[in-house]
>>> print(open('start12.cif').read())   # mmCIF, C-alpha atoms
data_work
loop_
_atom_site.label_atom_id
_atom_site.label_comp_id
_atom_site.auth_asym_id
_atom_site.auth_seq_id
_atom_site.Cartn_x
_atom_site.Cartn_y
_atom_site.Cartn_z
CA MET A 1 108.21 123.24 -31.71
CA ASN A 2 107.09 125.03 -28.61
CA ARG A 3 107.04 122.98 -25.42
CA ARG A 4 104.07 124.88 -24.20
CA THR A 5 102.92 126.76 -27.24
CA THR A 6 102.03 130.39 -26.76
CA TRP A 7 98.87 132.27 -27.55
CA ARG A 8 98.28 135.85 -26.61
CA THR A 9 95.42 136.95 -24.43
CA ALA A 10 92.40 138.36 -26.19
CA ALA A 11 93.36 141.91 -25.28
CA ALA A 12 96.83 141.49 -26.72
CA VAL A 13 95.38 140.01 -29.88
CA VAL A 14 93.28 143.10 -30.40
CA THR A 15 96.33 145.30 -29.93
CA LEU A 16 98.05 143.46 -32.76
CA ALA A 17 94.94 143.46 -34.90
CA VAL A 18 94.82 147.18 -35.57
CA GLY A 19 93.06 147.71 -38.88
CA LEU A 20 91.20 144.40 -39.14
CA VAL A 21 88.82 143.38 -41.87
CA ALA A 22 85.06 143.24 -41.78
CA LEU A 23 81.46 142.62 -42.73
CA PRO A 24 78.14 141.69 -41.17
CA ALA A 25 77.55 137.96 -40.64
CA GLN A 26 76.99 136.00 -43.84
CA ALA A 27 76.14 132.40 -44.52
CA HIS A 28 79.07 130.04 -44.94
CA GLY A 29 80.47 130.19 -48.44
CA ALA A 30 78.69 133.43 -49.32
CA THR A 31 81.89 135.47 -49.45
CA SER A 32 84.07 135.47 -52.55
CA GLY A 33 87.23 137.43 -53.18
CA ASP A 34 88.25 139.87 -50.45
CA LEU A 35 86.35 142.40 -48.38
CA ASN A 36 86.36 146.09 -49.18
CA PRO A 37 87.90 148.65 -46.78
CA ALA A 38 84.56 149.79 -45.36
CA GLN A 39 83.54 146.24 -44.55
CA ALA A 40 86.95 145.63 -43.04
CA GLN A 41 86.73 148.63 -40.74
CA ALA A 42 83.26 147.63 -39.53
CA LEU A 43 84.38 144.17 -38.43
CA GLU A 44 87.56 145.51 -36.90
CA GLN A 45 85.61 147.85 -34.67
CA ARG A 46 83.20 145.11 -33.67
CA LEU A 47 85.96 142.69 -32.73
CA GLU A 48 87.83 145.36 -30.80
CA SER A 49 84.72 146.17 -28.80
CA LEU A 50 84.09 142.54 -27.86
CA LEU A 51 87.39 140.74 -27.45
CA PRO A 52 89.02 142.57 -24.50
CA ASP A 53 86.31 141.35 -22.11
CA GLY A 54 87.65 137.81 -22.40
CA ALA A 55 91.27 138.59 -21.53
CA ALA A 56 91.11 137.54 -17.87
CA ARG A 57 89.43 134.24 -18.71
CA ALA A 58 91.99 133.57 -21.45
CA GLU A 59 94.85 134.23 -19.03
CA ARG A 60 93.42 131.83 -16.44
CA LEU A 61 92.87 129.13 -19.03
CA GLN A 62 96.37 129.62 -20.37
CA ALA A 63 97.86 129.23 -16.90
CA GLU A 64 95.82 126.11 -16.15
CA LEU A 65 96.99 124.47 -19.37
CA GLY A 66 100.61 125.36 -18.63
CA VAL A 67 101.01 127.59 -21.65
CA ASP A 68 103.63 130.29 -21.23
CA ASP A 69 103.37 133.84 -22.52
CA LEU A 70 106.27 135.36 -24.40
CA VAL A 71 107.54 137.41 -21.48
CA PRO A 72 111.05 138.65 -20.72
CA GLY A 73 113.26 136.18 -18.92
CA GLU A 74 116.93 136.10 -18.08
CA VAL A 75 118.90 137.65 -20.89
CA ILE A 76 121.41 135.56 -22.81
CA ASP A 77 123.95 137.86 -24.42
CA PRO A 78 123.28 137.74 -28.19
CA ALA A 79 126.80 138.98 -28.91
CA ASP A 80 128.13 135.61 -27.76
CA TYR A 81 126.39 133.56 -30.46
CA GLN A 82 125.98 133.14 -34.18
CA CYS A 83 122.29 133.28 -35.00
CA THR A 84 120.44 133.50 -38.30
CA THR A 85 116.81 132.87 -39.16
CA THR A 86 117.17 132.53 -42.93
CA THR A 87 115.83 129.16 -44.05
CA PRO A 88 113.96 127.80 -47.09
CA VAL A 89 110.77 127.01 -45.19
CA ARG A 90 110.69 130.44 -43.56
CA ASP A 91 111.11 132.01 -47.00
CA TRP A 92 108.28 129.81 -48.31
CA LEU A 93 105.96 131.02 -45.57
CA ALA A 94 106.94 134.65 -46.11
CA ALA A 95 106.11 134.33 -49.82
CA LEU A 96 102.61 133.12 -48.94
CA THR A 97 101.94 136.26 -46.92
CA GLU A 98 103.54 138.68 -49.36
CA GLY A 99 101.29 141.67 -49.82
CA TRP A 100 99.60 141.32 -46.44
CA ASP A 101 99.40 144.47 -44.38
CA ALA A 102 99.35 144.89 -40.61
CA SER A 103 95.60 144.35 -40.58
CA ASP A 104 95.92 141.01 -42.31
CA HIS A 105 98.60 139.84 -39.90
CA GLY A 106 96.46 140.99 -36.98
CA VAL A 107 93.51 138.98 -38.24
CA ALA A 108 95.76 135.98 -38.78
CA THR A 109 96.85 136.17 -35.14
CA ILE A 110 93.23 135.88 -34.01
CA PHE A 111 92.68 132.96 -36.37
CA GLN A 112 95.71 131.17 -34.93
CA GLN A 113 94.37 131.51 -31.39
CA VAL A 114 90.94 130.18 -32.32
CA VAL A 115 92.36 127.22 -34.23
CA LEU A 116 94.81 126.39 -31.45
CA LEU A 117 92.21 126.50 -28.68
CA ASN A 118 89.81 124.40 -30.69
CA ALA A 119 92.41 121.66 -31.20
CA VAL A 120 93.50 121.64 -27.54
CA LEU A 121 90.07 121.83 -25.91
CA PHE A 122 88.17 119.54 -28.26
CA PRO A 123 90.59 116.80 -29.41
CA ASP A 124 87.80 114.26 -29.81
CA GLU A 125 86.50 116.23 -32.79
CA ALA A 126 89.87 116.73 -34.49
CA GLY A 127 89.69 113.48 -36.45
CA ASP A 128 92.49 111.11 -37.36
CA ASP A 129 93.77 112.68 -40.57
CA PHE A 130 97.00 114.68 -40.59
CA GLY A 131 97.48 117.20 -43.37
CA GLN A 132 94.75 118.99 -45.26
CA GLN A 133 94.21 115.95 -47.47
CA GLY A 134 95.30 113.36 -44.91
CA GLU A 135 98.64 112.98 -46.68
CA PHE A 136 100.67 112.78 -43.46
CA THR A 137 98.41 110.34 -41.63
CA THR A 138 100.48 107.22 -42.28
CA PRO A 139 103.91 108.49 -41.14
CA ILE A 140 102.49 110.19 -38.06
CA THR A 141 100.42 107.16 -37.06
CA ARG A 142 103.39 104.82 -37.47
CA THR A 143 105.76 107.15 -35.66
CA THR A 144 103.34 107.53 -32.75
CA ARG A 145 103.17 103.76 -32.39
CA ASP A 146 106.96 103.40 -32.58
CA LEU A 147 107.64 106.18 -30.07
CA ARG A 148 105.31 104.52 -27.57
CA SER A 149 107.30 101.31 -27.73
CA PHE A 150 110.73 102.99 -27.86
CA TRP A 151 110.64 105.18 -24.74
CA ASP A 152 109.96 104.08 -21.16
CA VAL A 153 106.97 106.33 -20.50
CA ASP A 154 103.23 105.72 -20.76
CA GLY A 155 102.70 106.75 -24.36
CA ASN A 156 99.10 105.55 -24.32
CA ARG A 157 98.27 108.58 -22.17
CA VAL A 158 99.33 110.94 -24.95
CA ARG A 159 96.90 111.96 -27.69
CA VAL A 160 98.40 113.01 -31.02
CA VAL A 161 95.92 115.46 -32.51
CA PRO A 162 95.77 117.16 -35.93
CA MET A 163 95.20 120.90 -36.12
CA HIS A 164 93.09 121.99 -39.10
CA SER A 165 92.20 125.60 -39.78
CA ASP A 166 89.05 124.93 -41.79
CA VAL A 167 87.27 125.08 -38.43
CA LEU A 168 87.37 128.87 -38.88
CA LEU A 169 84.41 128.62 -41.26
CA ASP A 170 82.36 126.54 -38.81
CA ARG A 171 80.50 129.23 -36.92
CA THR A 172 79.06 126.84 -34.35
CA ARG A 173 82.45 125.46 -33.33
CA VAL A 174 84.14 128.87 -33.34
CA ALA A 175 81.36 130.27 -31.16
CA ARG A 176 81.95 127.42 -28.72
CA VAL A 177 85.65 128.32 -28.53
CA PHE A 178 84.76 131.88 -27.61
CA GLN A 179 82.12 130.77 -25.13
CA ILE A 180 84.04 127.99 -23.36
CA GLY A 181 87.62 129.10 -23.98
CA PHE A 182 87.17 132.82 -23.38
CA GLY A 183 84.05 132.89 -21.23
CA PHE A 184 81.84 135.08 -23.43
CA ASP A 185 78.09 134.62 -23.29
CA GLU A 186 76.29 132.89 -26.14
CA ALA A 187 75.19 136.04 -27.94
CA VAL A 188 78.64 137.65 -27.99
CA SER A 189 80.29 134.35 -28.95
CA THR A 190 77.94 134.06 -31.91
CA GLN A 191 78.79 137.58 -33.06
CA LEU A 192 82.51 136.89 -32.79
CA ALA A 193 82.17 133.61 -34.67
CA ASN A 194 80.27 135.33 -37.47
CA ALA A 195 83.01 137.93 -37.78
CA VAL A 196 85.81 135.36 -37.77
CA ALA A 197 84.11 133.15 -40.36
CA THR A 198 83.45 136.09 -42.66
CA LEU A 199 87.01 137.34 -42.38
CA ALA A 200 88.54 133.90 -42.93
CA ASP A 201 86.46 133.14 -46.01
CA GLN A 202 88.56 135.30 -48.35
CA ASP A 203 90.88 134.45 -51.21
CA LYS A 204 93.97 135.86 -49.52
CA PHE A 205 93.36 133.64 -46.49
CA GLU A 206 92.69 130.62 -48.73
CA HIS A 207 89.18 130.47 -47.29
CA GLY A 208 90.39 129.46 -43.87
CA ARG A 209 93.10 127.08 -45.02
CA HIS A 210 96.15 129.33 -45.15
CA PRO A 211 99.22 127.43 -43.84
CA LEU A 212 100.16 130.26 -41.48
CA PHE A 213 97.12 129.54 -39.31
CA THR A 214 98.45 126.07 -38.42
CA PHE A 215 102.18 126.61 -38.80
CA ASN A 216 102.96 125.08 -35.41
CA ALA A 217 103.34 121.88 -33.44
CA PHE A 218 103.32 121.70 -29.66
CA ALA A 219 102.88 119.56 -26.57
CA VAL A 220 100.63 120.26 -23.59
CA ASP A 221 100.26 118.39 -20.33
CA GLY A 222 96.88 117.10 -19.25
CA SER A 223 94.60 119.26 -17.13
CA ASP A 224 91.15 119.19 -15.54
CA LEU A 225 89.59 122.54 -16.33
CA PRO A 226 86.44 123.83 -14.63
CA GLY A 227 83.78 124.41 -17.22
CA VAL A 228 85.78 122.54 -19.86
CA GLY A 229 86.48 119.06 -18.52
CA THR A 230 89.54 116.90 -18.91
CA VAL A 231 92.14 117.95 -21.44
CA PRO A 232 94.43 114.95 -22.01
CA PRO A 233 98.18 115.14 -22.53
CA GLU A 234 98.44 116.11 -26.19
CA ILE A 235 100.79 116.58 -29.08
CA VAL A 236 99.17 118.84 -31.66
CA MET A 237 100.46 118.70 -35.24
CA GLY A 238 99.45 121.61 -37.47
CA ASP A 239 98.74 121.17 -41.16
CA GLY A 240 100.71 124.28 -42.06
CA VAL A 241 104.09 123.26 -40.66
CA LEU A 242 103.83 119.85 -42.34
CA GLU A 243 102.92 121.47 -45.64
CA GLY A 244 105.86 123.85 -45.36
CA PHE A 245 108.43 121.09 -45.08
CA ARG A 246 106.82 119.21 -47.94
CA ALA A 247 107.19 122.37 -50.04
CA VAL A 248 110.97 122.37 -49.46
CA GLY A 249 111.35 118.63 -50.13
CA LEU A 250 111.62 117.30 -46.58
CA ASP A 251 108.27 115.56 -46.22
CA ASP A 252 109.93 112.14 -45.91
CA VAL A 253 111.49 113.09 -42.57
CA ALA A 254 109.68 116.16 -41.21
CA PRO A 255 106.54 114.51 -39.76
CA GLN A 256 108.61 111.95 -37.86
CA ALA A 257 111.17 114.50 -36.65
CA ILE A 258 108.67 117.09 -35.46
CA LEU A 259 106.62 114.44 -33.67
CA ALA A 260 109.73 112.94 -32.04
CA HIS A 261 110.69 116.37 -30.66
CA GLU A 262 107.23 116.96 -29.21
CA TYR A 263 107.19 113.46 -27.74
CA GLY A 264 110.39 114.45 -25.98
CA HIS A 265 108.37 117.10 -24.15
CA GLN A 266 105.86 114.47 -23.07
CA ILE A 267 108.78 112.48 -21.62
CA GLN A 268 109.76 115.61 -19.72
CA TYR A 269 106.25 115.99 -18.36
CA GLN A 270 106.04 112.40 -17.15
CA LYS A 271 109.56 112.24 -15.74
CA GLY A 272 109.64 115.66 -14.11
CA LEU A 273 112.45 116.88 -16.34
CA PHE A 274 111.35 120.50 -16.62
CA THR A 275 112.84 121.21 -13.21
CA SER A 276 116.40 122.49 -13.05
CA ASP A 277 118.49 125.18 -11.38
CA LEU A 278 118.19 127.33 -14.49
CA THR A 279 115.63 130.10 -14.88
CA GLY A 280 114.12 132.23 -17.62
CA ALA A 281 115.50 131.88 -21.11
CA GLU A 282 118.23 129.46 -20.00
CA ALA A 283 115.65 127.09 -18.50
CA SER A 284 113.54 127.12 -21.66
CA ARG A 285 116.63 126.60 -23.82
CA ARG A 286 117.58 123.54 -21.78
CA THR A 287 114.18 121.87 -22.15
CA GLU A 288 114.00 122.60 -25.89
CA LEU A 289 117.52 121.33 -26.59
CA MET A 290 116.78 118.23 -24.52
CA ALA A 291 113.67 117.58 -26.61
CA ASP A 292 115.80 117.98 -29.74
CA ALA A 293 118.15 115.36 -28.34
CA PHE A 294 115.35 112.95 -27.41
CA GLY A 295 114.04 113.28 -30.96
CA SER A 296 117.40 112.72 -32.65
CA TYR A 297 118.20 109.70 -30.48
CA TYR A 298 114.94 108.03 -31.52
CA LEU A 299 115.24 109.01 -35.20
CA THR A 300 118.73 107.55 -35.65
CA HIS A 301 118.70 104.64 -33.19
CA ALA A 302 118.67 101.13 -34.67
CA ARG A 303 115.57 100.29 -32.63
CA GLY A 304 113.92 103.62 -33.35
CA ALA A 305 113.22 105.14 -36.76
CA SER A 306 116.70 104.07 -37.93
CA MET A 307 116.92 106.97 -40.36
CA GLN A 308 120.04 107.82 -42.29
CA TRP A 309 122.01 110.43 -40.41
CA LYS A 310 122.60 112.48 -43.54
CA ARG A 311 118.87 112.93 -44.07
CA VAL A 312 118.17 113.73 -40.42
CA ARG A 313 120.92 116.33 -40.46
CA GLU A 314 119.58 117.93 -43.64
CA PHE A 315 116.18 118.26 -42.02
CA SER A 316 117.69 119.57 -38.80
CA GLN A 317 119.55 122.35 -40.57
CA VAL A 318 116.25 123.63 -41.94
CA PHE A 319 113.96 122.84 -39.02
CA PHE A 320 116.09 124.29 -36.29
CA GLN A 321 116.55 127.55 -38.15
CA LEU A 322 112.84 127.98 -37.49
CA GLY A 323 114.02 128.28 -33.91
CA ASP A 324 114.76 131.68 -32.52
CA CYS A 325 117.37 134.23 -31.64
CA SER A 326 115.11 135.65 -28.93
CA PHE A 327 117.74 135.64 -26.24
CA SER A 328 115.69 137.72 -23.79
CA LEU A 329 112.48 135.67 -23.89
CA SER A 330 111.53 132.96 -21.42
CA SER A 331 110.47 130.78 -24.36
CA HIS A 332 113.93 130.86 -26.00
CA HIS A 333 114.62 127.57 -27.80
CA GLY A 334 118.36 127.95 -28.36
CA THR A 335 120.20 129.15 -31.44
CA PRO A 336 120.11 127.11 -34.65
CA ASN A 337 123.71 126.01 -34.02
CA GLN A 338 122.91 124.89 -30.48
CA ARG A 339 119.94 122.89 -31.66
CA LEU A 340 121.99 121.24 -34.36
CA HIS A 341 124.74 120.45 -31.83
CA SER A 342 122.15 118.76 -29.61
CA VAL A 343 120.96 116.62 -32.50
CA GLU A 344 124.52 115.68 -33.41
CA TRP A 345 125.34 114.80 -29.81
CA ALA A 346 122.28 112.53 -29.51
CA TYR A 347 123.19 110.82 -32.77
CA SER A 348 126.67 110.13 -31.42
CA VAL A 349 125.19 108.60 -28.26
CA ALA A 350 123.19 106.15 -30.37
CA GLU A 351 125.98 105.52 -32.90
CA ASP A 352 128.82 105.01 -30.39
CA ALA A 353 126.93 102.78 -27.97
CA GLN A 354 128.63 99.44 -27.34
CA LYS A 355 125.25 97.68 -27.26
CA GLN A 356 123.58 98.89 -30.44
CA GLY A 357 120.27 97.27 -29.58
CA HIS A 358 120.06 98.88 -26.16
CA VAL A 359 117.81 101.90 -25.60
CA LEU A 360 118.89 104.14 -22.75
CA PRO A 361 116.26 104.78 -20.07
CA SER A 362 114.91 108.30 -20.51
CA LEU A 363 116.25 109.51 -17.15
CA ALA A 364 119.73 108.16 -17.93
CA PHE A 365 119.67 109.85 -21.32
CA ALA A 366 118.52 113.13 -19.76
CA ALA A 367 121.30 112.95 -17.17
CA GLN A 368 123.90 112.55 -19.92
CA PHE A 369 122.34 115.48 -21.77
CA ASP A 370 122.49 117.74 -18.70
CA GLN A 371 126.15 116.88 -18.30
CA GLU A 372 126.78 117.80 -21.94
CA LEU A 373 124.63 120.97 -21.95
CA PRO A 374 127.43 123.46 -21.07
CA GLN A 375 129.41 122.26 -24.11
CA LEU A 376 126.35 122.41 -26.37
CA THR A 377 125.67 126.03 -25.43
CA GLU A 378 129.18 127.42 -25.47
CA PRO A 379 129.50 130.82 -27.14
CA ASP A 380 130.42 130.51 -30.82
CA ALA A 381 130.48 134.09 -32.07
#
>>> encode(input="start12.cif", output="structure tokens")
Amino acid sequence: MNRRTTWRTAAAVVTLAVGLVALPAQAHGATSGDLNPAQAQALEQRLESLLPDGAARAERLQAELGVDDLVPGEVIDPADYQCTTTTPVRDWLAALTEGWDASDHGVATIFQQVVLLNAVLFPDEAGDDFGQQGEFTTPITRTTRDLRSFWDVDGNRVRVVPMHSDVLLDRTRVARVFQIGFGFDEAVSTQLANAVATLADQDKFEHGRHPLFTFNAFAVDGSDLPGVGTVPPEIVMGDGVLEGFRAVGLDDVAPQAILAHEYGHQIQYQKGLFTSDLTGAEASRRTELMADAFGSYYLTHARGASMQWKRVREFSQVFFQLGDCSFSLSSHHGTPNQRLHSVEWAYSVAEDAQKQGHVLPSLAFAAQFDQELPQLTEPDA
């Protein structure tokens, strides 16, 4: 979804986490039900006292990995466009968090950051199973293999990594995230890990497995990080987003489509396609719509996934409404209509080609996309 997924700095996380939940450290599995208000307040205060010290380290790490903050960019006038965020999968996710208060959402934000950093920094430990029960392993493995042979980039450089949130209950691994990812010392990292594990091990958070914690997929470029080592080019596929599309009946196409979009970002990394004359929100919109187009071209091409257009379009109408109407943010992905237009355009490129067996070189495809971009983003209000 996000080219360079976003996580907030530790200080910002604490700001959002007003009214957290709490308890002294307990052994794994010792918690049942939910914590009482007094326990919640105790852990909140402890986390607030510890987390801000890691903000500078988190910011440096974020910059080195090429992960963008949600910061204001050039404003695209929202009055020019139709934009709605109502979608079945969004409603499904909202139903799963019904009854949560601001404290719960604040805690969830911290969980998301820990899970994300763990997947990115330690891909060798992520395993090879996609989905909480491994139910998406086959389509993702096959699609990864097919994408590598379809596009003219070095796909063997790219690791496709699952993101599981059950790591939240593993105090040793969570402590390592705080120590290596945020730069805390061992003692503080252990305290933070104890708090996170205790908080996560509640019924309302599905004992660390709530889909919200991994409701994301993203691509990162490779980096050599001091104190961390080599982080390879990665595509990270969260359990939660895959589960959401299964819940709305799109599991036969969602894993392939999400992966194809993120692979489009890896093409952009390798081919230098992030560079353009655009800035801010318009620049981000261009790269996201181009990734949509790369994905659609592969999904519908005779030598790609060769999916039925009707099914791809049905998925697209749901998936792209998870996009945003955040016209003033530098991470803007384009409106749902613009994303759907990009998918339709890429399908037409594959469908109307005189040589049906020919796959366009990625740079040639990108050049055609850039030529079409002004039409794809025309105001439609």
>>> resolve_selection(input="start12.cif", expression="the PyMOL selection byres ((chain A and resi 315) around 9)", output="PyMOL selection string")
chain A and resi 245+250+253-254+257+310-314+316-320
>>> resolve_selection(input="start12.cif", expression="the PyMOL selection byres ((chain A and resi 298) around 10)", output="count of residues only")
27
>>> closest_residue(input="start12.cif", among="A:Gln270, A:Gln375, A:Ser223, A:Asn118", to="Arg176 of chain A", atoms="all atoms listed in the file")
A:Asn118
>>> residues_around(input="start12.cif", residues="Val248 of chain A", least_positions_apart="5", cutoff="9 Å", atoms="only C-alpha atoms", output="PyMOL selection string")
chain A and resi 88-89+92+243
>>> resolve_selection(input="start12.cif", expression="the PyMOL selection byres ((chain A and resi 230) around 12)", output="ChimeraX atom specification")
/A:64-65,120-124,221-229,231-234
>>> write_last_selection(input="start12.cif", atoms="C-alpha atoms", output="PDB file, in the frame of the given file")
ATOM      1  CA  GLU A  64      95.820 126.110 -16.150  1.00  0.00           C
ATOM      2  CA  LEU A  65      96.990 124.470 -19.370  1.00  0.00           C
ATOM      3  CA  VAL A 120      93.500 121.640 -27.540  1.00  0.00           C
ATOM      4  CA  LEU A 121      90.070 121.830 -25.910  1.00  0.00           C
ATOM      5  CA  PHE A 122      88.170 119.540 -28.260  1.00  0.00           C
ATOM      6  CA  PRO A 123      90.590 116.800 -29.410  1.00  0.00           C
ATOM      7  CA  ASP A 124      87.800 114.260 -29.810  1.00  0.00           C
ATOM      8  CA  ASP A 221     100.260 118.390 -20.330  1.00  0.00           C
ATOM      9  CA  GLY A 222      96.880 117.100 -19.250  1.00  0.00           C
ATOM     10  CA  SER A 223      94.600 119.260 -17.130  1.00  0.00           C
ATOM     11  CA  ASP A 224      91.150 119.190 -15.540  1.00  0.00           C
ATOM     12  CA  LEU A 225      89.590 122.540 -16.330  1.00  0.00           C
ATOM     13  CA  PRO A 226      86.440 123.830 -14.630  1.00  0.00           C
ATOM     14  CA  GLY A 227      83.780 124.410 -17.220  1.00  0.00           C
ATOM     15  CA  VAL A 228      85.780 122.540 -19.860  1.00  0.00           C
ATOM     16  CA  GLY A 229      86.480 119.060 -18.520  1.00  0.00           C
ATOM     17  CA  VAL A 231      92.140 117.950 -21.440  1.00  0.00           C
ATOM     18  CA  PRO A 232      94.430 114.950 -22.010  1.00  0.00           C
ATOM     19  CA  PRO A 233      98.180 115.140 -22.530  1.00  0.00           C
ATOM     20  CA  GLU A 234      98.440 116.110 -26.190  1.00  0.00           C
TER      21      GLU A 234
END
>>> closest_residue(input="start12.cif", among="A:Leu289, A:Gly272, A:Ala364, A:Asp370", to="His333 of chain A", atoms="only C-alpha atoms")
A:Leu289
>>> atom_distance(input="start12.cif", atom1="atom CA of Ala291 of chain A", atom2="atom CA of Pro361 of chain A")
14.6 Å
>>> closest_residue(input="start12.cif", among="A:Pro336, A:Gly127, A:Pro255, A:Gly249", to="Thr86 of chain A", atoms="only C-alpha atoms")
A:Pro336
>>> atom_distance(input="start12.cif", atom1="atom CA of Val241 of chain A", atom2="atom CA of Ala217 of chain A")
7.4 Å
>>> closest_residue(input="start12.cif", among="A:Ser189, A:Asp128, A:Gly238, A:Thr97", to="His164 of chain A", atoms="only C-alpha atoms")
A:Gly238
